[in-house]
Amino acid sequence: MQAENRSEHQSQPSRSSRSSHSSYSSHSQPPAPLISARSRSQPAVSMKLETVIPNFKAQTTEGPISFYEWQGNSWVVLFSHPADFTPVCTTELGRIAVHNPHFQKRNTKLIALSCDKLKDHNDWVADIKSYCLDIPGAFPYPIIADESRELAVSLDMIDAVNKDNPELAMTVRALYIISPDHKLKLSMNYPASTGRNVDEILRCIDSLQLVSRLKVVATPANWTPGEKVMILPSVKEEELPRLFPKGVDKVSMPSGKVYVRTTTDY
């Protein structure tokens, strides 16, 4: 997993306010190349953190989409799975569907991708709903049909060993959390043998949304909302009362350095 901890080593913006609200309008971004799932000339995107995900067009179980238009001003979880009609993928897409109300509360849309045919996706959805009986209502998110594998290759979702073998090329369990300004904020890659943890995906979204709003904190290991967060070392001592009027806890270390400072004032 990659996450955004680099901010501890970067200079902070002006602290006239403890929060910095960014505009996530797609119009604020420079034009991005348009990837079509049927194009065979698009090079792979460098899927590093803060990369702007290019706009793309694709066929899905909910009809054709243009990614930026479909995303709107929401966060997005874009995730791939190796193949339809397979056991682990059935559990993954099912449990993510069950948790869709929790993603909605976080202003987050879901979209899946594999290299199977659209008809297979639609037939498989019926199996998923039969296996996961607690999915509320209709299946809640689209699945991209990327038969040509071009979109999967462009988004670095294909196993490098088999990417050029049409008989063996299958998407790994890649998962990208994308902010409303189309930037990649976190990525996870799992092998086909290991299913993903939905609670961890939600926890990561909570962390990313918090630090996008309050840029002077970071979330520690195993953090969940409501627990203490860490104050970045770049925040000066004299700024603490203004930034965190409800209080700060400081931990004494044998080194004598004061760098572990926590607060629940967020």
# chains A, B, ... in the order shown; residues from 1 in each chain; ligands from 1
>>> closest_atom_pairs(of="region 156-254 of chain A", to="region 68-73 of chain A", cutoff="8 Å", atoms="only C-alpha atoms", output="CSV")
residue,atom,partner,partner_atom,distance
A:Pro180,CA,A:Asn73,CA,5.0
A:Asp181,CA,A:Asn73,CA,7.7
A:His182,CA,A:Tyr68,CA,7.7
>>> atom_distance(atom1="CA of Val217 (chain A)", atom2="CA of Asn189 (chain A)")
25.9 Å
>>> residues_around(residues="Cys115 (chain A)", least_positions_apart="3", cutoff="10 Å", atoms="only C-alpha atoms", output="PDB file with C-alpha atoms, in the first residue's frame")
ATOM      1  CA  SER A  80      -9.948  -4.316 -10.623  1.00  0.00           C
ATOM      2  CA  HIS A  81     -10.510  -8.031 -10.116  1.00  0.00           C
ATOM      3  CA  PRO A  82      -8.944 -10.960 -11.992  1.00  0.00           C
ATOM      4  CA  ALA A  83     -12.052 -12.565 -13.496  1.00  0.00           C
ATOM      5  CA  ASP A  84     -15.808 -13.015 -13.303  1.00  0.00           C
ATOM      6  CA  LEU A 118     -20.152  -7.157 -20.643  1.00  0.00           C
ATOM      7  CA  HIS A 121     -20.502  -9.084 -15.982  1.00  0.00           C
ATOM      8  CA  ILE A 144     -16.225  -1.895 -16.599  1.00  0.00           C
ATOM      9  CA  ALA A 145     -15.896  -4.443 -19.408  1.00  0.00           C
ATOM     10  CA  ASP A 146     -12.320  -4.041 -20.689  1.00  0.00           C
ATOM     11  CA  GLU A 147     -12.159  -6.933 -23.148  1.00  0.00           C
ATOM     12  CA  SER A 148      -9.195  -5.451 -25.024  1.00  0.00           C
ATOM     13  CA  ARG A 149      -7.248  -5.029 -21.739  1.00  0.00           C
ATOM     14  CA  GLU A 150      -6.094  -1.629 -23.012  1.00  0.00           C
ATOM     15  CA  LEU A 151      -7.586   0.319 -20.101  1.00  0.00           C
ATOM     16  CA  ALA A 152      -6.196  -2.165 -17.584  1.00  0.00           C
ATOM     17  CA  ILE A 158      -2.252  -6.090 -15.457  1.00  0.00           C
ATOM     18  CA  ALA A 169      -3.513 -11.715 -18.901  1.00  0.00           C
ATOM     19  CA  MET A 170      -5.763 -10.970 -15.926  1.00  0.00           C
ATOM     20  CA  THR A 171      -6.013  -7.847 -13.832  1.00  0.00           C
TER      21      THR A 171
END
>>> closest_atom_pairs(of="region 195-262 of chain A", to="region 85-104 of chain A", cutoff="8 Å", atoms="only C-alpha atoms", output="Markdown table")
| residue | atom | partner | partner_atom | distance |
| --- | --- | --- | --- | --- |
| A:Gly195 | CA | A:Val88 | CA | 6.2 |
| A:Arg196 | CA | A:Glu92 | CA | 6.7 |
| A:Val198 | CA | A:Ile96 | CA | 6.3 |
| A:Leu202 | CA | A:Phe103 | CA | 7.2 |
>>> atom_distance(atom1="CA of Pro191 (chain A)", atom2="CA of Lys119 (chain A)")
25.3 Å
>>> closest_residue(among="A:Arg203, A:Arg173, A:Lys236, A:Lys215", to="Leu113 (chain A)", atoms="only C-alpha atoms")
A:Arg173
>>> select_by_dssp(residues="region 152-183 of chain A", states="strand (DSSP E or B)", output="PyMOL selection string")
chain A and resi 158+171+173-178+183
>>> closest_residue(among="A:Lys185, A:Lys129, A:Arg261, A:Arg242", to="Met47 (chain A)", atoms="only C-alpha atoms")
A:Lys185
>>> decode(residues="region 78-98 of chain A", atoms="N, CA, C and O atoms", output="CSV table (one decimal), in the first residue's frame")
chain,number,residue,atom,x,y,z
A,78,LEU,N,-11.8,3.0,-7.6
A,78,LEU,CA,-11.7,2.3,-8.8
A,78,LEU,C,-10.9,1.0,-8.6
A,78,LEU,O,-9.7,1.1,-8.1
A,79,PHE,N,-11.5,-0.1,-8.8
A,79,PHE,CA,-10.7,-1.4,-8.4
A,79,PHE,C,-10.9,-2.5,-9.4
A,79,PHE,O,-12.0,-2.6,-10.1
A,80,SER,N,-9.9,-3.2,-9.6
A,80,SER,CA,-9.9,-4.3,-10.6
A,80,SER,C,-10.0,-5.7,-9.9
A,80,SER,O,-9.6,-5.8,-8.8
A,81,HIS,N,-10.5,-6.7,-10.6
A,81,HIS,CA,-10.5,-8.0,-10.1
A,81,HIS,C,-10.1,-9.0,-11.3
A,81,HIS,O,-10.3,-8.6,-12.4
A,82,PRO,N,-9.5,-10.1,-10.9
A,82,PRO,CA,-8.9,-11.0,-12.0
A,82,PRO,C,-10.0,-11.5,-13.0
A,82,PRO,O,-9.7,-11.5,-14.2
A,83,ALA,N,-11.1,-12.0,-12.5
A,83,ALA,CA,-12.1,-12.6,-13.5
A,83,ALA,C,-13.4,-12.7,-12.9
A,83,ALA,O,-13.6,-12.9,-11.7
A,84,ASP,N,-14.4,-12.7,-13.7
A,84,ASP,CA,-15.8,-13.0,-13.3
A,84,ASP,C,-15.9,-14.5,-13.0
A,84,ASP,O,-15.1,-15.3,-13.4
A,85,PHE,N,-17.0,-14.8,-12.3
A,85,PHE,CA,-17.3,-16.2,-12.0
A,85,PHE,C,-16.2,-16.9,-11.2
A,85,PHE,O,-15.8,-18.1,-11.5
A,86,THR,N,-15.5,-16.2,-10.4
A,86,THR,CA,-14.4,-16.8,-9.5
A,86,THR,C,-14.8,-16.5,-8.1
A,86,THR,O,-15.4,-15.5,-7.7
A,87,PRO,N,-14.4,-17.4,-7.1
A,87,PRO,CA,-14.9,-17.3,-5.8
A,87,PRO,C,-14.5,-16.1,-5.0
A,87,PRO,O,-15.3,-15.5,-4.3
A,88,VAL,N,-13.2,-15.8,-5.0
A,88,VAL,CA,-12.7,-14.7,-4.2
A,88,VAL,C,-13.3,-13.4,-4.7
A,88,VAL,O,-13.7,-12.5,-3.9
A,89,CYS,N,-13.3,-13.2,-6.0
A,89,CYS,CA,-13.9,-12.0,-6.6
A,89,CYS,C,-15.3,-11.8,-6.3
A,89,CYS,O,-15.8,-10.7,-6.0
A,90,THR,N,-16.1,-12.9,-6.2
A,90,THR,CA,-17.5,-12.9,-5.8
A,90,THR,C,-17.6,-12.3,-4.4
A,90,THR,O,-18.5,-11.5,-4.2
A,91,THR,N,-16.8,-12.8,-3.5
A,91,THR,CA,-16.9,-12.3,-2.1
A,91,THR,C,-16.5,-10.8,-2.1
A,91,THR,O,-17.1,-10.0,-1.4
A,92,GLU,N,-15.5,-10.4,-2.8
A,92,GLU,CA,-15.0,-9.0,-2.8
A,92,GLU,C,-16.1,-8.0,-3.3
A,92,GLU,O,-16.5,-7.1,-2.6
A,93,LEU,N,-16.6,-8.3,-4.5
A,93,LEU,CA,-17.6,-7.4,-5.1
A,93,LEU,C,-18.9,-7.4,-4.3
A,93,LEU,O,-19.5,-6.4,-4.2
A,94,GLY,N,-19.2,-8.5,-3.7
A,94,GLY,CA,-20.4,-8.6,-2.9
A,94,GLY,C,-20.3,-7.8,-1.6
A,94,GLY,O,-21.2,-7.1,-1.3
A,95,ARG,N,-19.1,-8.0,-0.9
A,95,ARG,CA,-19.0,-7.2,0.4
A,95,ARG,C,-18.9,-5.7,0.1
A,95,ARG,O,-19.4,-4.9,0.9
A,96,ILE,N,-18.2,-5.4,-0.9
A,96,ILE,CA,-18.1,-3.9,-1.3
A,96,ILE,C,-19.5,-3.4,-1.6
A,96,ILE,O,-19.9,-2.3,-1.2
A,97,ALA,N,-20.3,-4.2,-2.3
A,97,ALA,CA,-21.7,-3.8,-2.6
A,97,ALA,C,-22.5,-3.6,-1.3
A,97,ALA,O,-23.3,-2.7,-1.1
A,98,VAL,N,-22.4,-4.6,-0.3
A,98,VAL,CA,-23.1,-4.5,0.9
A,98,VAL,C,-22.7,-3.2,1.7
A,98,VAL,O,-23.6,-2.6,2.3
